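Written below as structure tokens is the structure these notes are about.
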Amino acid sequence: MWELTAAAQAAAVRDGRITAVELVRAHLDRIAEVNPVVNAITRLTADRALADAAEVDRNPVKGPLAGVPFTVKENIALGGVPTTHGAARFEHFTATADAPPVARLRAAGAIPVGHANMPTLTLAGVHTRSELFGDTANPWDPTATPGGSSGGDAVAVATGMAALGLGNDSGGSVRLPASFCGVAGLKPSTGRFAADHRLGPDDPPLGAQLFAVDGPLARTAGDLRLAFHALAGADPRDPRAVPAPPTGEPVPRRVAVVADPGGRGVHPDVRRAVEDAAGALADAGYELVETDVPRLDDALHAYGHLLMTEFAPSWPVVRTLLGAEGHRYVELSMAKTAPVDLPEYLRLTGVHLGVRRAWAEFLDGHPLVLAPVFTEPPFAPGAERTPEGHDLVGRALRLCTATSFAGLPAVAVPTGLAGGVPVGVQVIGRAYREDTCLDAAEVVERVLTPRTPA
């Protein structure tokens, strides 16, 4: 049963061909077999998941995700379970209620089976290694990172331990592990999904409010679409979330193909992935235009300096929470991107609006952008904590960073294997037009067949 898509699982439960309890048990058996090898799921909530499944079976009205098991990243609240952020200091930081996206997936009938691993506080790097739970392995190649920071969820989905994962992305943290693990991931528009990223009673500063968004991972773009419809919508707990319609008017099927954003270099395997995806779209009737994205340097500069300026005052305390060697990634970032004074910070808030405007004008002519998620192949676990690896990650993630800064939706979709590890692309769209990104991702997927579960 765990090999089925989320859509097929839910349909089988609704039709009475299987029960939700049987479905959850099948995934728990798969977890018992696989998780000791990959270390993706950090806290299993088996008894509770089975009780939730029994409730789904008793309910005559079954939702669109009836019985579908999902994992929840360690920094998203699952009521009654510690939300540790991978840090020893928060080992017993038990959530009193589900975070909004968890509640929405539950309302659609999906069943959380546990938390999934991440880098400590999301700050220890882009390889999934936490102080509390250790390293998560890439199921395709243990010498390659599964990516992060939503790496535990990507690995759980890729190996069939869950049909869906719930992560978050503020610069590639859903899209990168999706690409490295051979699954699909959705980074929604800013304000599309309700979220709660508080660590304690206080809300985060402006940059964290604007750039971090929760998003699902799945083995197919069709399953992402199911999760998207369940997650979209306003919620009084998050005044940023807007009731934008989940679909919109038809747009021109015109795609800007950007194989090498900013002309800073792209690995041949990644360029080939973009070419393969472009061919699939062209064969389906999309018009392709080779070009580049707007104001990339401005976006990268403003993103880094805004966040580092907000983060610097808390760093002496946060540094103590990251565990052994966990501070290295942030310190390398701070060495390259120093905090700025108040006048410059205020100027950069204006740059943020200008970059968003430039993207809106660009996407008015090209409603979709096809580009790499990461312009290099997967790297060795923890390499980003070295100066050379840190430079590589910052350069290779540049378009993920820029699109998070601009608040745009993007879908990461796998295109196959290169050198034995997955490679993929992302489809970026206009704000609140996740539907067009998903449409194009499904076209790519039909031609370049997914190879999961691994």
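Please note that chains go A, B, ... in the order of the structure tokens, that every chain numbers its residues from 1, and that ligands are numbered from 1 in the order shown.
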
Notebook entry, point to check: What residues in stretch 31-269 of chain A get the DSSP label helix (DSSP H, G or I)? Please answer as a count of residues only.
Noted result: 72

Notebook entry, point to check: Got a sec to tell me which of stretch 335-395 of chain A DSSP assigns to strand (DSSP E or B), as number ranges by chain?
Noted result: A: 368-372

Next item on the list: For A:Asp153, list every protein, DNA or RNA residue within 9 Å, evaluated using only C-alpha atoms, and leave out those in the same chain fewer than 4 positions away; present the list as a VMD selection string.
Entry: chain A and resid 40 to 41 70 to 73 115 to 118 157 to 158 162 164 to 167 174 177 to 178 216 to 217

Next item on the list: Give me the residues within 8 Å of stretch 400-412 of chain A as number ranges by chain, counting only C-alpha atoms and dropping any in the same chain fewer than 5 places off.
Entry: A: 169-172, 175, 178-179, 183-190, 210-212, 296, 299-300, 303, 352, 355-356, 359, 373-374, 424-434, 437-438, 441

Export of prior selection with C-alpha atoms as an mmCIF file, in the first residue's frame:
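The file below, out24.cif, is the result:
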```cif
data_model
loop_
_atom_site.group_PDB
_atom_site.id
_atom_site.type_symbol
_atom_site.label_atom_id
_atom_site.label_comp_id
_atom_site.auth_asym_id
_atom_site.auth_seq_id
_atom_site.Cartn_x
_atom_site.Cartn_y
_atom_site.Cartn_z
ATOM 1 C CA ASP A 169 11.061 26.840 2.718
ATOM 2 C CA SER A 170 12.650 30.261 3.123
ATOM 3 C CA GLY A 171 15.310 29.886 0.448
ATOM 4 C CA GLY A 172 15.032 26.363 -0.906
ATOM 5 C CA ARG A 175 12.799 22.377 -3.036
ATOM 6 C CA ALA A 178 12.929 17.305 -2.973
ATOM 7 C CA SER A 179 15.443 17.619 -5.811
ATOM 8 C CA VAL A 183 10.440 13.762 -5.100
ATOM 9 C CA ALA A 184 8.251 16.793 -5.765
ATOM 10 C CA GLY A 185 7.963 19.807 -3.475
ATOM 11 C CA LEU A 186 5.815 22.933 -3.427
ATOM 12 C CA LYS A 187 6.981 26.284 -2.132
ATOM 13 C CA PRO A 188 3.777 28.360 -2.073
ATOM 14 C CA SER A 189 3.355 32.100 -2.514
ATOM 15 C CA THR A 190 3.875 34.192 0.582
ATOM 16 C CA LEU A 210 8.036 37.388 4.788
ATOM 17 C CA PHE A 211 10.280 34.628 3.487
ATOM 18 C CA ALA A 212 9.505 31.423 5.421
ATOM 19 C CA LEU A 296 19.070 38.584 -9.213
ATOM 20 C CA ALA A 299 17.594 40.122 -4.476
ATOM 21 C CA LEU A 300 20.532 38.117 -3.141
ATOM 22 C CA TYR A 303 17.915 39.000 1.297
ATOM 23 C CA HIS A 352 12.276 44.125 -1.560
ATOM 24 C CA VAL A 355 12.386 43.155 -6.759
ATOM 25 C CA ARG A 356 8.815 41.927 -6.367
ATOM 26 C CA TRP A 359 9.385 39.841 -11.100
ATOM 27 C CA VAL A 373 16.620 24.093 -8.068
ATOM 28 C CA PHE A 374 20.346 23.751 -7.390
ATOM 29 C CA GLY A 424 15.381 17.937 -10.868
ATOM 30 C CA VAL A 425 14.116 21.353 -11.902
ATOM 31 C CA GLN A 426 11.701 23.930 -10.578
ATOM 32 C CA VAL A 427 8.776 25.675 -12.231
ATOM 33 C CA ILE A 428 8.219 29.207 -10.904
ATOM 34 C CA GLY A 429 5.003 31.150 -11.455
ATOM 35 C CA ARG A 430 3.121 34.340 -10.752
ATOM 36 C CA ALA A 431 2.079 35.064 -7.179
ATOM 37 C CA TYR A 432 -0.904 32.912 -6.139
ATOM 38 C CA ARG A 433 -0.736 30.892 -9.368
ATOM 39 C CA GLU A 434 0.523 27.631 -7.910
ATOM 40 C CA CYS A 437 3.235 25.636 -11.762
ATOM 41 C CA LEU A 438 1.560 22.330 -10.907
ATOM 42 C CA ALA A 441 5.173 20.060 -13.358
#
```

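Distance check against A:Ala234 using only C-alpha atoms: of A:Pro101, A:His327, A:Leu288, A:Arg254, the minimum falls on A:Pro101.
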
Next item on the list: State, in Å with one decimal place, the distance from atom CA of A:Asp269 to atom CA of A:Pro146.
Entry: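 Distance between the two atoms: 17.5 Å.
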
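Excluding A:Ala396 itself and any same-chain residue fewer than 5 positions from it, the protein and nucleic acid residues within 8 Å of it, counting only C-alpha atoms, are Val266, Phe374, Thr375 and Glu376 of chain A.
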
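Closest approach to A:Pro205 among A:Leu307, A:Glu74, A:Ala97, A:Glu388: A:Leu307, based on only C-alpha atoms.
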
Next item on the list: Could you give me, as JSON, numbers by chain, the residues within 9 Å of A:Gly416, counting only C-alpha atoms and dropping anything in the same chain fewer than 2 positions from it?
Entry: {"A": [182, 273, 414, 418, 421, 422, 423, 424, 448, 449, 450, 451]}

Okay, now the selection with C-alpha atoms, as a short mmCIF file (atom, residue, chain, number, x, y, z; two decimals), in the first residue's frame?
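Dumped to again.cif:
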```cif
data_model
loop_
_atom_site.label_atom_id
_atom_site.label_comp_id
_atom_site.auth_asym_id
_atom_site.auth_seq_id
_atom_site.Cartn_x
_atom_site.Cartn_y
_atom_site.Cartn_z
CA GLY A 182 13.82 12.50 -6.29
CA ALA A 273 17.76 18.21 -16.64
CA PRO A 414 12.34 15.34 -10.48
CA ALA A 418 22.49 11.54 -12.96
CA VAL A 421 21.49 10.39 -7.62
CA PRO A 422 18.35 12.35 -8.43
CA VAL A 423 18.31 15.62 -10.31
CA GLY A 424 15.38 17.94 -10.87
CA LEU A 448 10.25 11.97 -17.10
CA THR A 449 8.65 9.27 -14.94
CA PRO A 450 9.28 9.47 -11.16
CA ARG A 451 11.48 6.71 -9.75
#
```

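Counting only C-alpha atoms, the residue from A:Arg106, A:His27, A:Arg271, A:Arg398 that sits nearest to A:Gly79 is A:Arg106.
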
Check: Contacts of A:Gly114 at 6 Å or less, counting only C-alpha atoms, minus same-chain residues fewer than 2 places along, as a ChimeraX atom specification?
Finding: /A:43-45,71,112

Item checked: Pick from A:Gln9, A:Thr337, A:Ser150, A:Asn59 nearest to A:Ser130, counting only C-alpha atoms ->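 Answer, going by the shortest atom-to-atom distance: A:Ser150.
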
Notebook entry, point to check: Which of these, A:Ala124, A:Leu78, A:Ala454, A:Ala241, has the shortest distance to A:Glu384 once you count only C-alpha atoms?
Noted result: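 Closest to A:Glu384 of all the choices is A:Ala124.
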